[in-house]
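S.K.: See run_29.pdb below, with PDB, C-alpha atoms.
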ATOM      1  CA  MET A   1     -18.898   4.147  -9.950  1.00  0.00           C
ATOM      2  CA  ILE A   2     -15.981   3.913  -7.518  1.00  0.00           C
ATOM      3  CA  SER A   3     -15.379   0.304  -6.429  1.00  0.00           C
ATOM      4  CA  LYS A   4     -15.178  -0.702  -2.782  1.00  0.00           C
ATOM      5  CA  ARG A   5     -11.395  -1.245  -2.996  1.00  0.00           C
ATOM      6  CA  ASP A   6     -10.776   2.057  -4.809  1.00  0.00           C
ATOM      7  CA  LEU A   7     -12.968   3.827  -2.288  1.00  0.00           C
ATOM      8  CA  ALA A   8     -10.945   2.397   0.609  1.00  0.00           C
ATOM      9  CA  GLN A   9      -7.701   3.471  -1.075  1.00  0.00           C
ATOM     10  CA  ARG A  10      -8.910   6.975  -1.866  1.00  0.00           C
ATOM     11  CA  LEU A  11     -10.237   7.470   1.675  1.00  0.00           C
ATOM     12  CA  ASP A  12      -7.086   5.784   3.049  1.00  0.00           C
ATOM     13  CA  ILE A  13      -9.103   3.427   5.237  1.00  0.00           C
ATOM     14  CA  PRO A  14      -9.212  -0.384   5.505  1.00  0.00           C
ATOM     15  CA  LEU A  15     -11.745  -2.335   3.420  1.00  0.00           C
ATOM     16  CA  GLU A  16     -13.427  -3.455   6.646  1.00  0.00           C
ATOM     17  CA  MET A  17     -14.200   0.154   7.528  1.00  0.00           C
ATOM     18  CA  VAL A  18     -15.828   0.687   4.126  1.00  0.00           C
ATOM     19  CA  ASP A  19     -18.197  -2.188   4.914  1.00  0.00           C
ATOM     20  CA  ARG A  20     -18.753  -1.159   8.534  1.00  0.00           C
ATOM     21  CA  HIS A  21     -19.994   2.270   7.464  1.00  0.00           C
ATOM     22  CA  GLY A  22     -22.270   1.062   4.672  1.00  0.00           C
ATOM     23  CA  LEU A  23     -20.065   2.120   1.756  1.00  0.00           C
ATOM     24  CA  GLY A  24     -19.440  -1.427   0.500  1.00  0.00           C
ATOM     25  CA  ASP A  25     -21.515  -1.001  -2.656  1.00  0.00           C
ATOM     26  CA  GLY A  26     -19.291   1.833  -3.874  1.00  0.00           C
ATOM     27  CA  MET A  27     -20.344   5.347  -4.854  1.00  0.00           C
ATOM     28  CA  SER A  28     -20.316   7.833  -7.687  1.00  0.00           C
ATOM     29  CA  GLU A  29     -17.664  10.533  -8.118  1.00  0.00           C
ATOM     30  CA  ALA A  30     -20.239  13.148  -7.047  1.00  0.00           C
ATOM     31  CA  GLU A  31     -21.049  11.195  -3.868  1.00  0.00           C
ATOM     32  CA  PHE A  32     -17.341  10.812  -3.146  1.00  0.00           C
ATOM     33  CA  ALA A  33     -16.741  14.544  -3.612  1.00  0.00           C
ATOM     34  CA  ALA A  34     -19.605  15.278  -1.209  1.00  0.00           C
ATOM     35  CA  LEU A  35     -18.179  12.803   1.337  1.00  0.00           C
ATOM     36  CA  GLU A  36     -14.750  14.424   1.149  1.00  0.00           C
ATOM     37  CA  GLN A  37     -16.197  17.929   1.389  1.00  0.00           C
ATOM     38  CA  ASP A  38     -18.321  17.084   4.432  1.00  0.00           C
ATOM     39  CA  PRO A  39     -16.791  13.944   5.991  1.00  0.00           C
ATOM     40  CA  PRO A  40     -18.824  12.031   8.575  1.00  0.00           C
ATOM     41  CA  ALA A  41     -17.622  12.007  12.179  1.00  0.00           C
ATOM     42  CA  TRP A  42     -16.201   8.470  11.894  1.00  0.00           C
ATOM     43  CA  LEU A  43     -13.955   9.495   8.970  1.00  0.00           C
ATOM     44  CA  VAL A  44     -12.797  12.667  10.734  1.00  0.00           C
ATOM     45  CA  GLN A  45     -12.000  10.582  13.839  1.00  0.00           C
ATOM     46  CA  SER A  46     -10.173   7.925  11.783  1.00  0.00           C
ATOM     47  CA  ARG A  47      -7.963  10.554  10.206  1.00  0.00           C
ATOM     48  CA  ALA A  48      -7.356  12.283  13.557  1.00  0.00           C
ATOM     49  CA  ASN A  49      -6.290   8.967  15.138  1.00  0.00           C
ATOM     50  CA  ARG A  50      -3.446   8.396  12.690  1.00  0.00           C
ATOM     51  CA  LYS A  51      -0.086   8.692  14.329  1.00  0.00           C
ATOM     52  CA  LYS A  52       2.629  10.629  12.560  1.00  0.00           C
ATOM     53  CA  GLY A  53       5.135   8.221  11.067  1.00  0.00           C
ATOM     54  CA  ALA A  54       2.855   5.190  11.581  1.00  0.00           C
ATOM     55  CA  ARG A  55       2.523   2.515   8.918  1.00  0.00           C
ATOM     56  CA  PRO A  56       0.187   3.729   6.172  1.00  0.00           C
ATOM     57  CA  VAL A  57      -3.151   2.005   5.518  1.00  0.00           C
ATOM     58  CA  TRP A  58      -2.247   1.463   1.835  1.00  0.00           C
ATOM     59  CA  ALA A  59       1.105   1.303   0.036  1.00  0.00           C
ATOM     60  CA  THR A  60       1.769   1.761  -3.668  1.00  0.00           C
ATOM     61  CA  LEU A  61       4.228  -0.844  -4.935  1.00  0.00           C
ATOM     62  CA  THR A  62       6.019  -0.199  -8.220  1.00  0.00           C
ATOM     63  CA  CYS A  63       8.420  -2.658  -9.855  1.00  0.00           C
ATOM     64  CA  ASP A  64      11.802  -1.015 -10.246  1.00  0.00           C
ATOM     65  CA  VAL A  65      12.424  -3.106 -13.385  1.00  0.00           C
ATOM     66  CA  CYS A  66       9.235  -2.879 -15.483  1.00  0.00           C
ATOM     67  CA  GLY A  67       7.136  -0.233 -13.716  1.00  0.00           C
ATOM     68  CA  TYR A  68       4.144  -2.497 -12.922  1.00  0.00           C
ATOM     69  CA  THR A  69       2.202  -0.899 -10.057  1.00  0.00           C
ATOM     70  CA  GLU A  70      -0.353  -2.115  -7.540  1.00  0.00           C
ATOM     71  CA  THR A  71      -1.717  -0.874  -4.245  1.00  0.00           C
ATOM     72  CA  ALA A  72      -1.640  -3.207  -1.236  1.00  0.00           C
ATOM     73  CA  ARG A  73      -2.128  -3.198   2.498  1.00  0.00           C
ATOM     74  CA  PRO A  74       1.311  -3.164   4.189  1.00  0.00           C
ATOM     75  CA  LYS A  75       1.955  -6.204   6.375  1.00  0.00           C
ATOM     76  CA  LYS A  76       3.456  -6.068   9.846  1.00  0.00           C
ATOM     77  CA  TRP A  77       6.457  -8.085   8.674  1.00  0.00           C
ATOM     78  CA  TRP A  78       7.368  -5.583   5.943  1.00  0.00           C
ATOM     79  CA  PRO A  79      10.342  -3.363   6.760  1.00  0.00           C
ATOM     80  CA  ALA A  80       9.707   0.370   7.082  1.00  0.00           C
ATOM     81  CA  GLU A  81      11.036   0.882   3.560  1.00  0.00           C
ATOM     82  CA  PHE A  82      12.219  -1.288   0.669  1.00  0.00           C
ATOM     83  CA  THR A  83      15.335  -0.349  -1.279  1.00  0.00           C
ATOM     84  CA  TYR A  84      13.801  -1.956  -4.381  1.00  0.00           C
ATOM     85  CA  VAL A  85      10.607  -3.764  -5.302  1.00  0.00           C
ATOM     86  CA  SER A  86      10.491  -6.081  -8.299  1.00  0.00           C
ATOM     87  CA  CYS A  87       8.076  -8.563  -9.839  1.00  0.00           C
ATOM     88  CA  ARG A  88       8.878 -12.161  -8.846  1.00  0.00           C
ATOM     89  CA  HIS A  89       9.618 -13.144 -12.442  1.00  0.00           C
ATOM     90  CA  HIS A  90      12.492 -10.657 -12.834  1.00  0.00           C
ATOM     91  CA  SER A  91      16.052 -11.777 -12.212  1.00  0.00           C
ATOM     92  CA  PRO A  92      17.839 -10.144  -9.256  1.00  0.00           C
ATOM     93  CA  ASP A  93      20.558  -9.210 -11.784  1.00  0.00           C
ATOM     94  CA  GLN A  94      18.133  -6.709 -13.326  1.00  0.00           C
ATOM     95  CA  LEU A  95      18.452  -4.494 -10.228  1.00  0.00           C
ATOM     96  CA  PRO A  96      21.511  -2.440  -9.284  1.00  0.00           C
ATOM     97  CA  LYS A  97      24.016  -4.280  -7.103  1.00  0.00           C
ATOM     98  CA  PRO A  98      24.108  -3.371  -3.408  1.00  0.00           C
ATOM     99  CA  ALA A  99      26.548  -0.599  -2.534  1.00  0.00           C
ATOM    100  CA  SER A 100      29.893  -1.577  -1.038  1.00  0.00           C
ATOM    101  CA  GLY A 101      29.506  -2.770   2.555  1.00  0.00           C
ATOM    102  CA  LEU A 102      25.810  -3.637   2.177  1.00  0.00           C
ATOM    103  CA  HIS A 103      24.143  -7.008   1.781  1.00  0.00           C
ATOM    104  CA  ARG A 104      20.756  -7.736   0.265  1.00  0.00           C
ATOM    105  CA  VAL A 105      17.752  -9.192   2.094  1.00  0.00           C
ATOM    106  CA  GLU A 106      14.703 -10.335   0.087  1.00  0.00           C
ATOM    107  CA  PHE A 107      11.091 -10.403   1.279  1.00  0.00           C
ATOM    108  CA  ASP A 108       8.936 -12.651  -0.893  1.00  0.00           C
ATOM    109  CA  GLY A 109       5.147 -12.316  -0.964  1.00  0.00           C
ATOM    110  CA  VAL A 110       4.964  -8.527  -1.050  1.00  0.00           C
ATOM    111  CA  GLY A 111       1.653  -7.598  -2.638  1.00  0.00           C
ATOM    112  CA  THR A 112       0.358 -10.114  -5.161  1.00  0.00           C
ATOM    113  CA  LYS A 113       3.509 -10.548  -7.236  1.00  0.00           C
ATOM    114  CA  PHE A 114       6.483  -8.727  -5.762  1.00  0.00           C
ATOM    115  CA  VAL A 115       9.737  -9.356  -3.967  1.00  0.00           C
ATOM    116  CA  GLY A 116      10.795  -6.536  -1.652  1.00  0.00           C
ATOM    117  CA  ILE A 117      14.526  -5.902  -1.367  1.00  0.00           C
ATOM    118  CA  VAL A 118      16.383  -4.167   1.419  1.00  0.00           C
ATOM    119  CA  ASP A 119      20.075  -3.350   1.174  1.00  0.00           C
ATOM    120  CA  GLN A 120      21.457  -3.104   4.695  1.00  0.00           C
ATOM    121  CA  GLY A 121      24.767  -2.905   6.516  1.00  0.00           C
ATOM    122  CA  LEU A 122      26.638  -6.038   7.486  1.00  0.00           C
TER     123      LEU A 122
END
Please, can you express the file's structure as C-alpha cells?
M.R.:
Amino acid sequence: MISKRDLAQRLDIPLEMVDRHGLGDGMSEAEFAALEQDPPAWLVQSRANRKKGARPVWATLTCDVCGYTETARPKKWWPAEFTYVSCRHHSPDQLPKPASGLHRVEFDGVGTKFVGIVDQGL
C-alpha cells in the first residue's frame, strides 16, 4: 500500500490535493499504475498548470556529509538552490570551504533536520 505522503510525492502534488480528491487512504501499486496510465482530469490539469522553472512541489534533500535523505515541501523563503545541505548536528567544518570571493549564508530549519548553505558573492 502506498502511503498518503508517498502518493503525493510520486504524483508530485501537495498532500492537500491527495485529500481533496479522495486519495487520502493511499492505494496499491496496481491502482497507482492505473492512475498514472489514465490520469483523471484534475491530475492532467494540475500537471499542465505547472510553470517551467517554477518551484517544485517536493524537493529531495540529501546531507552532503553523511548522505541522509528526506523529501520535503520547499518553503517560499528557501533560495532557488542550496550550495550544500547538511544535518544540523554536523560541524560546518565538515563541508568544503567557500571558494575565494564567496561568503557563506546558512538557512536553518530546512526539512526536519537540515541546514541549507548558500555560497554567494560579496
S.K.: Would you kindly translate the PyMOL selection byres ((chain A and resi 105) around 8) into the concrete residues it picks from this file, as a compact mmCIF listing (two decimals) with C-alpha atoms, in the coordinates of the input?
M.R.:
# COMPACT_ATOMS: atom_id res chain seq x y z
CA HIS A 103 24.14 -7.01 1.78
CA ARG A 104 20.76 -7.74 0.26
CA GLU A 106 14.70 -10.34 0.09
CA PHE A 107 11.09 -10.40 1.28
CA ILE A 117 14.53 -5.90 -1.37
CA VAL A 118 16.38 -4.17 1.42
CA ASP A 119 20.08 -3.35 1.17
CA GLN A 120 21.46 -3.10 4.70
S.K.: Counting all atoms listed in the file, I want the residues whose atoms come within 9 Å of (11.0, -11.0, -2.0) in the file frame, returned as a ChimeraX atom specification.
M.R.: /A:85-88,105-110,114-117
S.K.: Given the point (-16.5, 8.1, -4.8) in the file's coordinates, find the residues that have an atom at most 10 Å from it, counting all atoms listed in the file, and give them as a tab-separated table (two decimals) with C-alpha atoms, keeping the file's coordinate frame.
M.R.:
chain	number	residue	atom	x	y	z
A	1	MET	CA	-18.90	4.15	-9.95
A	2	ILE	CA	-15.98	3.91	-7.52
A	3	SER	CA	-15.38	0.30	-6.43
A	4	LYS	CA	-15.18	-0.70	-2.78
A	6	ASP	CA	-10.78	2.06	-4.81
A	7	LEU	CA	-12.97	3.83	-2.29
A	8	ALA	CA	-10.94	2.40	0.61
A	10	ARG	CA	-8.91	6.98	-1.87
A	11	LEU	CA	-10.24	7.47	1.68
A	23	LEU	CA	-20.07	2.12	1.76
A	26	GLY	CA	-19.29	1.83	-3.87
A	27	MET	CA	-20.34	5.35	-4.85
A	28	SER	CA	-20.32	7.83	-7.69
A	29	GLU	CA	-17.66	10.53	-8.12
A	30	ALA	CA	-20.24	13.15	-7.05
A	31	GLU	CA	-21.05	11.20	-3.87
A	32	PHE	CA	-17.34	10.81	-3.15
A	33	ALA	CA	-16.74	14.54	-3.61
A	34	ALA	CA	-19.60	15.28	-1.21
A	35	LEU	CA	-18.18	12.80	1.34
A	36	GLU	CA	-14.75	14.42	1.15
S.K.: Which residue gives the smallest distance to Lys76 of chain A among A:Ala54, A:Asp64, A:Pro92, A:Asp38, with all atoms listed in the file counted?
M.R.: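 The answer is A:Ala54, which sits nearest to Lys76 of chain A.
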S.K.: Pick from A:Val44, A:Lys113, A:Arg5, A:Pro79: nearest to Thr62 of chain A, with all atoms listed in the file counted?
M.R.: A:Lys113
S.K.: Which of these, A:Pro56, A:Gly24, A:Gly101, A:Pro39, has the shortest distance to Asp12 of chain A once you count only C-alpha atoms?
M.R.: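 The closest residue to Asp12 of chain A is A:Pro56.
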S.K.: Could you state which residues are captured by the PyMOL selection byres ((chain A and resi 58) around 7) in this file, as a VMD selection string?
M.R.: chain A and resid 9 12 56 to 57 59 to 60 71 to 74
S.K.: Work out how far atom CA of Thr112 of chain A is from atom CA of Met17 of chain A, in Å to one decimal.
M.R.: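 Atom-to-atom, atom CA of Met17 of chain A to atom CA of Thr112 of chain A, that is 21.9 Å.
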S.K.: Grab the atom CA of Ser46 of chain A to atom CA of Ile13 of chain A distance for me, in Å with one decimal place.
M.R.: 8.0 Å
S.K.: Which one is closest to Pro98 of chain A: A:Trp42, A:Lys75, A:Leu122, A:Ala80? Count all atoms listed in the file.
M.R.: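 Among the listed residues, A:Leu122 lies closest to Pro98 of chain A.
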S.K.: Using all atoms listed in the file, which of A:Lys97, A:Gln37, A:Gly22, A:Gly111 sits nearest Thr69 of chain A?
M.R.: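 Looking only at the distances to Thr69 of chain A, the closest residue turns out to be A:Gly111.
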S.K.: Name the residues in contact with Gln94 of chain A at a cut-off of 7 Å, using all atoms listed in the file, excluding same-chain residues fewer than 3 positions from it; report them as a ChimeraX atom specification.
M.R.: /A:65,90-91
S.K.: Choose the residue, out of A:Thr83, A:Pro40, A:Lys51, A:His89, that has the smallest atom-to-atom separation from Leu102 of chain A; count only C-alpha atoms.
M.R.: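 Under the stated criterion, the closest residue is A:Thr83.
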